[in-house]
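J.: Here it is, the structure, as structure tokens.
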Amino acid sequence: MRSAAVLARVSETLRTVKAHGGVLASAKLTLAEKILYGHLSGSAEDLSSKITRGETYLKLRPDRVAMQDASAQMAILQFMLCGRKTTAVPSSIHCDHLIQAHNGAESDLDASKIKEQEIFSFLESAAKKYGIAFWGPGSGIIHQIVLENYAAPGTLMLGTDSHTPNAGGLGMLAIGVGGADAVDGMANIPWELKAPKILGVRLTGKLSGWATPKDVILALAGKLTVRGGTNYVIEYFGPGTETLGCTGMATICNMGAEVGATTSLFPYSASMSKYLRATSRKEVAEASDKYLAEGLLKADSGAEYDKVIEIDLSTVEPHINGPFTPDAATPISQFKELVSKNGWTDIVSAGLIGSCTNSSYEDMSRVASIARQAKTHGLKATTEFLVTPGSEQVRATIARDGITKDLENIGAKVLANACGPCIGQWNRTDPVKNESNAILTSFNRNFKARNDGSNKTMNFLASPEIVTSLALAGRLSFNPMTDSLVGKDGRPFMLSPPSGDSLPVNGFDAGRTEFKPSPSPQPDESVLISIDPQSRRLQVLEPFLPWDGQEITNLKVLVKAHGKCTTDHISAAGVWLKYKGHLDNLANNTLIGAVNAYNGKINNVTNELTGNEDTIPNVARAYKAANAAWTVVGDWNYGEGSAREHAALQPRFLGCPLIVTRSFARIHENNLKKQGVIPVTFANPDDYDKVTEACSISTEGLSKLAPGSKVTLIVKSREGKLDHIPVNHTLSEDQIAWIKAGSALNLIRDSVAK
């Protein structure tokens, strides 16, 4: 992907959109709009339709697709059904999710290569056959690899992970999607997105002391909540953007996923230019410099945002967010009081730094400055202290520069270049996890049981610097800005604010070159992709049946979910990651984390066919066997969290044609549509309460489904009472075609066959 050619095309398409009235020629556009409209697909006539934020569906041509190994399995299985010989755009697979943290980097990596050999071989074979770049186990975390190698200002990328927006720190419009959306990009099918609203965050001032870019997004998450950014692009602007390093901006964009944003991005800046040159992409920097001068890579002066939030970076205070939700934000100056008020244990049972959010050279450099202070005073971490480098390049560079040694001197264990504990790949043997305990991490999510499988572990999110200081103190209530540590000599001392380099003075060390694939992989049709019919890990997909276009009658309510129901609740990760390529086996974890609103229990519902209580997946399978369609009733922001499309595939596989909620998270709602499940929301959110236990649901108006059409749910109670409940849908013409065909993939396959 030549950056200069892409930016030239974006610039030309944007001029065409303006010339033909898609937007006014005089319109002052945000950066996000320039990139989106510059990637519109179609003829000049197609580009003439007026674009309205929050209403118009855009048909886009992405420049790149990136997939991590857990989600790539299903994406590749779907792509195999398309009949294409290669991908339409440069694509990559990254093996980062299937490496479990336990004994340390090399040991864990060797163990994963044995345990996950079937999956890694499948993905590598598919990459060779279709000309996809394959980053094998040990190469690093997808988002850090993309930032170092593929991200480019002004370009558009789809990634099968919700934290794909990390690349927004390099001015790329990077959007997290499900595998079926990735297939669109790889199969040269225009990718559809409702034109998002734009939330502007104006930055002024400059961070100082203990404040970090992580604290900017932790504080913003507290203001916006986990659903405050839904259907918005968060665009940062203002003089404060020029004071931030590239990887720091990536951290901020990464966690935009935690407020539900479509994506986040920063305007092209001097720090991005330096980062591009430091990562051997001088030609990308030069092209970006040129188009910045032409005004393409920044918002127009006077651009209008739908909302604007002002943040003075000089006033930002370190934050600690949690537990159990990333928007529970508390300034560190108030956290000690919160610990006492809630009666939380004041012991840190583990400190973990790294992950895709905070594993850059700058992060590790600053943490090392704290470690050196501790060593001077004879201190080590008082608890387990785990470090995850973001990539082989970061690992090699921090080892060369002595940073790894600095961290090991205070008791750190360096893990493999992979996701590890952040996504539940942590073989935590400490028995403390079986009782209420607190861990501090620099990760991005902290849902219950996400990291070590224990509902009793409280994960508090913070910057790597704060995590490290609390790991040294061993106390959850410790504030390095005001509290002292006691050195080996018995004397108290305070940590000085951290410092470090945004880029290595001596350049990056690429590390082990065997991890890096060819920059221009070519497809090889002779490569065979074989899937053992007896495999417990991989399963060839069978197409879903088309919808008959009729009303749906007598739906059983499998579960009425109460409160937070994330994609972790709908399709758990951790030990279940091994089945990501086998839909039938993975379906055995469907909704096992959901809380039943009728009895308050997790993964416990009544089988209406027998009257007996059972697990949710067992009851779903019983309904499927009896040819009894069922639905899920969800609460607010249903499906928040990871981009995993399995949370849509599994209900569809088990016989769910429709899901109704108070509201959906964006990615999950679209994933449901892609798999042929109709997502609707209560027109009056309070009607959630009218769906009573043992009721049945039928539809009215679904047979006339059209964009903006009226649909009503007829809820029949156990006693026979009828409630007519209006619901809304956001289906476009194209999306209705997916529903009718049975899935978007069915439609793609049919079009390729023709």
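Every chain in the structure tokens takes a letter, A first, then B, and so on in the order presented; its residues are numbered from 1, and the ligands are numbered from 1 following the presented order.
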Could you pull out the strand (DSSP E) residues of region 90-225 of chain A from DSSP and send them as a PDB file with C-alpha atoms, in the first residue's frame?
T.:
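The resulting file, out_7.pdb, is reproduced below:
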ATOM      1  CA  SER A  91      -4.187  -7.906   4.754  1.00  0.00           C
ATOM      2  CA  SER A  92      -2.374  -9.374   7.729  1.00  0.00           C
ATOM      3  CA  ILE A  93      -2.824 -12.043  10.403  1.00  0.00           C
ATOM      4  CA  HIS A  94      -1.262 -11.584  13.840  1.00  0.00           C
ATOM      5  CA  ALA A 133       1.092 -11.235   5.682  1.00  0.00           C
ATOM      6  CA  PHE A 134       1.527 -13.728   8.531  1.00  0.00           C
ATOM      7  CA  TRP A 135       2.988 -12.502  11.810  1.00  0.00           C
ATOM      8  CA  LEU A 156      -8.676   3.598   6.343  1.00  0.00           C
ATOM      9  CA  MET A 157      -8.249   0.183   7.956  1.00  0.00           C
ATOM     10  CA  LEU A 158     -10.650  -2.473   9.245  1.00  0.00           C
ATOM     11  CA  GLY A 159      -9.415  -4.692  12.065  1.00  0.00           C
ATOM     12  CA  LEU A 173      -8.929   5.964  10.599  1.00  0.00           C
ATOM     13  CA  ALA A 174      -8.871   2.446  12.015  1.00  0.00           C
ATOM     14  CA  ILE A 175     -12.164   0.768  12.864  1.00  0.00           C
ATOM     15  CA  GLY A 176     -12.841  -2.398  14.851  1.00  0.00           C
ATOM     16  CA  TRP A 191     -18.057  -1.775   3.476  1.00  0.00           C
ATOM     17  CA  GLU A 192     -21.095  -0.033   4.943  1.00  0.00           C
ATOM     18  CA  LEU A 193     -21.025   2.364   7.880  1.00  0.00           C
ATOM     19  CA  LYS A 194     -23.597   4.863   9.064  1.00  0.00           C
ATOM     20  CA  LYS A 197     -21.317  11.977  14.383  1.00  0.00           C
ATOM     21  CA  ILE A 198     -18.067  13.658  15.389  1.00  0.00           C
ATOM     22  CA  LEU A 199     -17.157  14.342  19.001  1.00  0.00           C
ATOM     23  CA  GLY A 200     -14.353  16.855  19.151  1.00  0.00           C
ATOM     24  CA  VAL A 201     -11.948  16.850  22.075  1.00  0.00           C
ATOM     25  CA  ARG A 202      -9.946  20.062  22.148  1.00  0.00           C
ATOM     26  CA  LEU A 203      -6.639  19.687  23.925  1.00  0.00           C
ATOM     27  CA  THR A 204      -4.656  22.573  25.351  1.00  0.00           C
TER      28      THR A 204
END
J.: Env of Gln393 (chain A): 12 Å cut, atoms = only C-alpha atoms, seq-sep filter 4 positions within chain, self excluded. Answer as a VMD selection string.
T.: chain A and resid 138 to 141 144 to 145 147 to 149 278 to 279 359 to 361 389 397 to 400 417 504 507 to 516
J.: Take the residues that were just selected and, keeping N, CA, C and O atoms, output them as a tab-separated table (two decimals), in the first residue's frame.
T.:
chain	number	residue	atom	x	y	z
A	138	GLY	N	4.86	-14.73	18.84
A	138	GLY	CA	6.08	-14.10	19.34
A	138	GLY	C	6.42	-12.80	18.67
A	138	GLY	O	7.26	-12.04	19.16
A	139	SER	N	5.75	-12.51	17.54
A	139	SER	CA	6.07	-11.27	16.80
A	139	SER	C	5.53	-10.04	17.51
A	139	SER	O	6.12	-8.96	17.41
A	140	GLY	N	4.42	-10.19	18.22
A	140	GLY	CA	3.89	-9.05	18.95
A	140	GLY	C	2.39	-8.93	18.86
A	140	GLY	O	1.71	-9.74	18.20
A	141	ILE	N	1.87	-7.92	19.52
A	141	ILE	CA	0.43	-7.66	19.58
A	141	ILE	C	0.01	-6.92	18.31
A	141	ILE	O	0.68	-5.98	17.87
A	144	GLN	N	0.26	-3.01	18.10
A	144	GLN	CA	1.62	-2.44	18.11
A	144	GLN	C	2.31	-2.74	16.77
A	144	GLN	O	3.00	-1.89	16.22
A	145	ILE	N	2.09	-3.95	16.22
A	145	ILE	CA	2.67	-4.31	14.93
A	145	ILE	C	2.12	-3.40	13.83
A	145	ILE	O	2.86	-2.92	12.95
A	147	LEU	N	0.94	-0.37	14.20
A	147	LEU	CA	1.48	0.98	14.39
A	147	LEU	C	2.90	1.07	13.84
A	147	LEU	O	3.28	2.05	13.20
A	148	GLU	N	3.69	0.04	14.07
A	148	GLU	CA	5.10	0.05	13.66
A	148	GLU	C	5.30	-0.17	12.16
A	148	GLU	O	6.32	0.24	11.61
A	149	ASN	N	4.34	-0.82	11.52
A	149	ASN	CA	4.57	-1.25	10.14
A	149	ASN	C	3.55	-0.77	9.11
A	149	ASN	O	3.92	-0.53	7.96
A	278	ALA	N	11.42	6.91	12.39
A	278	ALA	CA	12.11	6.00	13.30
A	278	ALA	C	11.77	4.55	13.02
A	278	ALA	O	12.55	3.64	13.38
A	279	THR	N	10.62	4.30	12.38
A	279	THR	CA	10.21	2.94	12.05
A	279	THR	C	10.38	2.65	10.56
A	279	THR	O	9.64	1.87	9.97
A	359	SER	N	2.35	-0.53	25.82
A	359	SER	CA	3.54	-1.39	25.74
A	359	SER	C	4.58	-0.81	24.80
A	359	SER	O	5.39	-1.55	24.23
A	360	SER	N	4.57	0.48	24.65
A	360	SER	CA	5.51	1.13	23.74
A	360	SER	C	6.87	1.34	24.40
A	360	SER	O	7.03	1.17	25.62
A	361	TYR	N	7.83	1.75	23.60
A	361	TYR	CA	9.15	2.08	24.15
A	361	TYR	C	9.03	3.21	25.17
A	361	TYR	O	9.66	3.18	26.23
A	389	PRO	N	5.84	-6.87	26.68
A	389	PRO	CA	6.26	-5.98	25.58
A	389	PRO	C	5.25	-6.07	24.44
A	389	PRO	O	4.65	-7.12	24.19
A	397	THR	N	14.54	-3.80	21.70
A	397	THR	CA	15.09	-2.47	21.96
A	397	THR	C	15.23	-2.19	23.45
A	397	THR	O	16.24	-1.65	23.91
A	398	ILE	N	14.22	-2.58	24.23
A	398	ILE	CA	14.33	-2.33	25.68
A	398	ILE	C	15.37	-3.25	26.32
A	398	ILE	O	15.99	-2.89	27.32
A	399	ALA	N	15.57	-4.42	25.72
A	399	ALA	CA	16.63	-5.31	26.22
A	399	ALA	C	18.00	-4.68	25.94
A	399	ALA	O	18.88	-4.64	26.81
A	400	ARG	N	18.19	-4.19	24.72
A	400	ARG	CA	19.46	-3.57	24.33
A	400	ARG	C	19.77	-2.35	25.19
A	400	ARG	O	20.93	-2.12	25.59
A	417	ASN	N	5.70	-11.57	23.80
A	417	ASN	CA	5.14	-10.44	23.07
A	417	ASN	C	3.74	-10.83	22.59
A	417	ASN	O	3.55	-11.27	21.46
A	504	PRO	N	13.65	5.62	20.99
A	504	PRO	CA	15.00	5.25	21.42
A	504	PRO	C	16.07	6.12	20.77
A	504	PRO	O	16.05	6.33	19.55
A	507	GLY	N	17.84	4.41	18.00
A	507	GLY	CA	16.99	3.76	17.02
A	507	GLY	C	16.43	2.45	17.53
A	507	GLY	O	16.83	1.94	18.58
A	508	PHE	N	15.49	1.88	16.78
A	508	PHE	CA	14.89	0.62	17.16
A	508	PHE	C	15.78	-0.56	16.74
A	508	PHE	O	16.44	-0.51	15.71
A	509	ASP	N	15.75	-1.59	17.55
A	509	ASP	CA	16.38	-2.86	17.20
A	509	ASP	C	15.25	-3.78	16.72
A	509	ASP	O	14.30	-4.04	17.45
A	510	ALA	N	15.34	-4.27	15.50
A	510	ALA	CA	14.26	-5.08	14.92
A	510	ALA	C	14.10	-6.42	15.62
A	510	ALA	O	13.03	-7.04	15.55
A	511	GLY	N	15.13	-6.88	16.32
A	511	GLY	CA	15.02	-8.16	17.01
A	511	GLY	C	15.14	-9.32	16.05
A	511	GLY	O	15.80	-9.23	15.01
A	512	ARG	N	14.46	-10.41	16.38
A	512	ARG	CA	14.55	-11.63	15.58
A	512	ARG	C	13.82	-11.45	14.25
A	512	ARG	O	12.60	-11.32	14.21
A	513	THR	N	14.57	-11.47	13.19
A	513	THR	CA	14.02	-11.16	11.87
A	513	THR	C	13.08	-12.24	11.35
A	513	THR	O	12.28	-11.98	10.45
A	514	GLU	N	13.15	-13.45	11.92
A	514	GLU	CA	12.27	-14.52	11.43
A	514	GLU	C	10.80	-14.25	11.72
A	514	GLU	O	9.91	-14.88	11.14
A	515	PHE	N	10.54	-13.30	12.62
A	515	PHE	CA	9.15	-12.96	12.93
A	515	PHE	C	8.50	-12.10	11.85
A	515	PHE	O	7.29	-12.00	11.77
A	516	LYS	N	9.33	-11.43	11.05
A	516	LYS	CA	8.79	-10.45	10.12
A	516	LYS	C	8.51	-11.08	8.76
A	516	LYS	O	9.40	-11.66	8.13
J.: Mind checking which residues fall within 9 Å of Val233 (chain A), counting only C-alpha atoms, ignoring those fewer than 3 positions away in the same chain, and posting them as a ChimeraX atom specification?
T.: /A:32,196-200,229-230,256,261-265
J.: Looking at only C-alpha atoms, which of A:Gly245, A:Asp327, A:Ser162, A:Pro521 is the one that sits closest to Val89 (chain A)?
T.: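 Nearest to Val89 (chain A): A:Pro521.
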J.: For region 629-643 of chain A, please output as a short mmCIF file (atom, residue, chain, number, x, y, z; two decimals) with N, CA, C and O atoms, in the first residue's frame all residues within 6 Å (counting only C-alpha atoms; exclusion window: fewer than 5 positions along the same chain).
T.:
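Resulting contents of out.cif:
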data_model
loop_
_atom_site.label_atom_id
_atom_site.label_comp_id
_atom_site.auth_asym_id
_atom_site.auth_seq_id
_atom_site.Cartn_x
_atom_site.Cartn_y
_atom_site.Cartn_z
N ASP A 161 -10.68 -6.53 15.76
CA ASP A 161 -10.46 -6.36 17.19
C ASP A 161 -10.95 -4.98 17.56
O ASP A 161 -10.73 -4.01 16.82
N SER A 162 -11.62 -4.87 18.69
CA SER A 162 -12.23 -3.58 19.05
C SER A 162 -11.21 -2.49 19.31
O SER A 162 -11.56 -1.30 19.28
N VAL A 177 -14.04 -4.19 13.76
CA VAL A 177 -15.19 -4.84 13.11
C VAL A 177 -15.17 -6.33 13.42
O VAL A 177 -14.21 -6.86 13.96
N GLY A 178 -16.25 -7.00 13.02
CA GLY A 178 -16.30 -8.45 13.08
C GLY A 178 -15.68 -9.05 11.83
O GLY A 178 -15.38 -8.34 10.85
N LEU A 555 -41.81 -16.56 19.71
CA LEU A 555 -40.42 -16.63 20.16
C LEU A 555 -40.38 -16.87 21.66
O LEU A 555 -41.08 -16.21 22.44
N LYS A 556 -39.56 -17.80 22.08
CA LYS A 556 -39.33 -17.99 23.51
C LYS A 556 -38.22 -17.04 23.96
O LYS A 556 -37.31 -16.75 23.19
N VAL A 557 -38.32 -16.55 25.17
CA VAL A 557 -37.27 -15.69 25.72
C VAL A 557 -36.24 -16.60 26.39
O VAL A 557 -36.49 -17.14 27.47
N LEU A 558 -35.12 -16.81 25.72
CA LEU A 558 -34.07 -17.66 26.29
C LEU A 558 -33.58 -17.07 27.60
O LEU A 558 -33.46 -17.76 28.61
N VAL A 559 -33.26 -15.77 27.56
CA VAL A 559 -32.82 -15.09 28.77
C VAL A 559 -33.15 -13.60 28.63
O VAL A 559 -33.02 -13.02 27.55
N LYS A 560 -33.59 -13.02 29.72
CA LYS A 560 -33.72 -11.57 29.82
C LYS A 560 -32.53 -11.12 30.64
O LYS A 560 -32.46 -11.34 31.85
N ALA A 561 -31.55 -10.54 29.95
CA ALA A 561 -30.29 -10.18 30.60
C ALA A 561 -30.45 -8.91 31.41
O ALA A 561 -31.00 -7.91 30.93
N HIS A 562 -29.96 -8.94 32.63
CA HIS A 562 -30.04 -7.78 33.51
C HIS A 562 -28.67 -7.12 33.62
O HIS A 562 -27.66 -7.76 33.85
N GLY A 563 -28.64 -5.80 33.42
CA GLY A 563 -27.40 -5.04 33.59
C GLY A 563 -26.39 -5.29 32.49
O GLY A 563 -26.74 -5.62 31.35
N CYS A 565 -24.09 -6.64 29.89
CA CYS A 565 -23.96 -7.91 29.17
C CYS A 565 -23.04 -7.66 27.98
O CYS A 565 -23.47 -7.28 26.89
N THR A 566 -21.76 -7.83 28.21
CA THR A 566 -20.74 -7.54 27.21
C THR A 566 -20.54 -8.74 26.30
O THR A 566 -21.09 -9.82 26.52
N THR A 567 -19.69 -8.57 25.29
CA THR A 567 -19.37 -9.72 24.45
C THR A 567 -18.61 -10.77 25.24
O THR A 567 -18.61 -11.95 24.87
N GLY A 655 -30.21 -20.79 16.81
CA GLY A 655 -31.61 -20.61 16.47
C GLY A 655 -32.27 -19.31 16.86
O GLY A 655 -33.49 -19.24 17.00
N CYS A 656 -31.47 -18.25 17.02
CA CYS A 656 -32.01 -16.94 17.40
C CYS A 656 -32.15 -16.04 16.18
O CYS A 656 -31.15 -15.67 15.58
N LEU A 658 -33.83 -12.93 16.24
CA LEU A 658 -34.08 -11.52 16.60
C LEU A 658 -33.64 -11.30 18.03
O LEU A 658 -33.85 -12.17 18.89
N ILE A 659 -33.05 -10.14 18.30
CA ILE A 659 -32.69 -9.75 19.67
C ILE A 659 -33.20 -8.34 19.91
O ILE A 659 -33.06 -7.45 19.06
N VAL A 660 -33.82 -8.13 21.08
CA VAL A 660 -34.37 -6.81 21.44
C VAL A 660 -33.68 -6.31 22.71
O VAL A 660 -33.50 -7.07 23.66
N THR A 661 -33.27 -5.05 22.70
CA THR A 661 -32.56 -4.48 23.84
C THR A 661 -32.99 -3.03 24.08
O THR A 661 -33.68 -2.43 23.26
N ARG A 662 -32.53 -2.51 25.20
CA ARG A 662 -32.69 -1.07 25.42
C ARG A 662 -31.76 -0.29 24.49
O ARG A 662 -32.13 0.74 23.95
N SER A 663 -30.54 -0.80 24.31
CA SER A 663 -29.62 -0.22 23.32
C SER A 663 -28.52 -1.21 23.05
O SER A 663 -28.26 -2.12 23.85
N PHE A 664 -27.87 -1.06 21.88
CA PHE A 664 -26.77 -1.92 21.47
C PHE A 664 -25.46 -1.15 21.42
O PHE A 664 -25.44 0.05 21.16
N ALA A 665 -24.37 -1.87 21.62
CA ALA A 665 -23.06 -1.36 21.24
C ALA A 665 -22.94 -1.47 19.73
O ALA A 665 -23.45 -2.42 19.13
N HIS A 668 -21.37 -4.76 17.92
CA HIS A 668 -22.19 -5.96 18.10
C HIS A 668 -23.48 -5.87 17.29
O HIS A 668 -23.90 -6.87 16.69
#
J.: Would you pick out the contacts of Lys580 (chain A) at 10 Å or less, using only C-alpha atoms, so that residues sharing its chain but fewer than 6 positions from it are not included, and give the list as a ChimeraX atom specification?
T.: /A:69-74,119,537-539,571,573,586-587,644,646
J.: Figure out the distance between CA of Ala75 (chain A) and CA of Ala180 (chain A), please, to one decimal in Å.
T.: 6.3 Å
J.: Leaving out Ser11 (chain A) and any residue of its chain fewer than 6 positions from it, which residues lie within 9 Å of it when counting only C-alpha atoms, given as a list in words?
T.: Lys34, Ile35, Gly38, Tyr291 and Leu296 of chain A
J.: Expressed in Å to a single decimal, how great is the separation between CA of Asn746 (chain A) and CA of Ala625 (chain A)?
T.: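 CA of Ala625 (chain A) lies at a distance of 23.6 Å from CA of Asn746 (chain A).
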J.: Any idea what the distance is between CA of Glu235 (chain A) and CA of Phe266 (chain A)?
T.: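 Computed distance, CA of Glu235 (chain A) to CA of Phe266 (chain A), equals 6.2 Å.
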J.: Excluding same-chain residues fewer than 5 positions from His569 (chain A), what lies within 8 Å of it counting only C-alpha atoms, as a PDB file with all heavy atoms, in the first residue's frame?
T.:
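Writing done, so here's selection.pdb:
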ATOM      1  N   LEU A 591     -23.648 -16.974  26.207  1.00  0.00           N
ATOM      2  CA  LEU A 591     -24.338 -16.202  27.255  1.00  0.00           C
ATOM      3  C   LEU A 591     -24.127 -16.763  28.662  1.00  0.00           C
ATOM      4  O   LEU A 591     -24.913 -16.481  29.572  1.00  0.00           O
ATOM      5  CB  LEU A 591     -25.841 -16.105  26.949  1.00  0.00           C
ATOM      6  CG  LEU A 591     -26.192 -15.168  25.786  1.00  0.00           C
ATOM      7  CD1 LEU A 591     -27.523 -15.554  25.150  1.00  0.00           C
ATOM      8  CD2 LEU A 591     -26.252 -13.721  26.273  1.00  0.00           C
ATOM      9  N   ILE A 592     -23.038 -17.498  28.871  1.00  0.00           N
ATOM     10  CA  ILE A 592     -22.838 -18.088  30.198  1.00  0.00           C
ATOM     11  C   ILE A 592     -22.520 -17.049  31.274  1.00  0.00           C
ATOM     12  O   ILE A 592     -22.562 -17.349  32.468  1.00  0.00           O
ATOM     13  CB  ILE A 592     -21.740 -19.167  30.183  1.00  0.00           C
ATOM     14  CG1 ILE A 592     -20.386 -18.585  29.751  1.00  0.00           C
ATOM     15  CG2 ILE A 592     -22.141 -20.339  29.293  1.00  0.00           C
ATOM     16  CD1 ILE A 592     -19.225 -19.590  29.845  1.00  0.00           C
ATOM     17  N   GLY A 593     -22.207 -15.819  30.839  1.00  0.00           N
ATOM     18  CA  GLY A 593     -21.952 -14.773  31.819  1.00  0.00           C
ATOM     19  C   GLY A 593     -23.148 -13.878  32.084  1.00  0.00           C
ATOM     20  O   GLY A 593     -23.090 -12.971  32.931  1.00  0.00           O
ATOM     21  N   ALA A 594     -24.260 -14.118  31.386  1.00  0.00           N
ATOM     22  CA  ALA A 594     -25.434 -13.242  31.506  1.00  0.00           C
ATOM     23  C   ALA A 594     -26.164 -13.479  32.829  1.00  0.00           C
ATOM     24  O   ALA A 594     -26.314 -14.612  33.294  1.00  0.00           O
ATOM     25  CB  ALA A 594     -26.385 -13.480  30.344  1.00  0.00           C
TER      26      ALA A 594
END
J.: When distances are computed from only C-alpha atoms, which of A:Cys246, A:Ala182, A:Leu170, A:Val691 shows the smallest separation from Gln68 (chain A)?
T.: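 Checking each of A:Cys246, A:Ala182, A:Leu170, A:Val691 against Gln68 (chain A), counting only C-alpha atoms, the winner is A:Ala182.
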J.: Determine the nearest neighbour of Gly676 (chain A) from the options A:Leu220, A:Leu649, A:Ala44, A:Val387, counting only C-alpha atoms.
T.: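 Among A:Leu220, A:Leu649, A:Ala44, A:Val387, it is A:Leu649 that comes nearest to Gly676 (chain A).
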J.: Between A:Leu36, A:Val65, A:Leu123, A:Ala167, which residue has the minimum interatomic distance to Val527 (chain A), considering only C-alpha atoms?
T.: A:Leu123
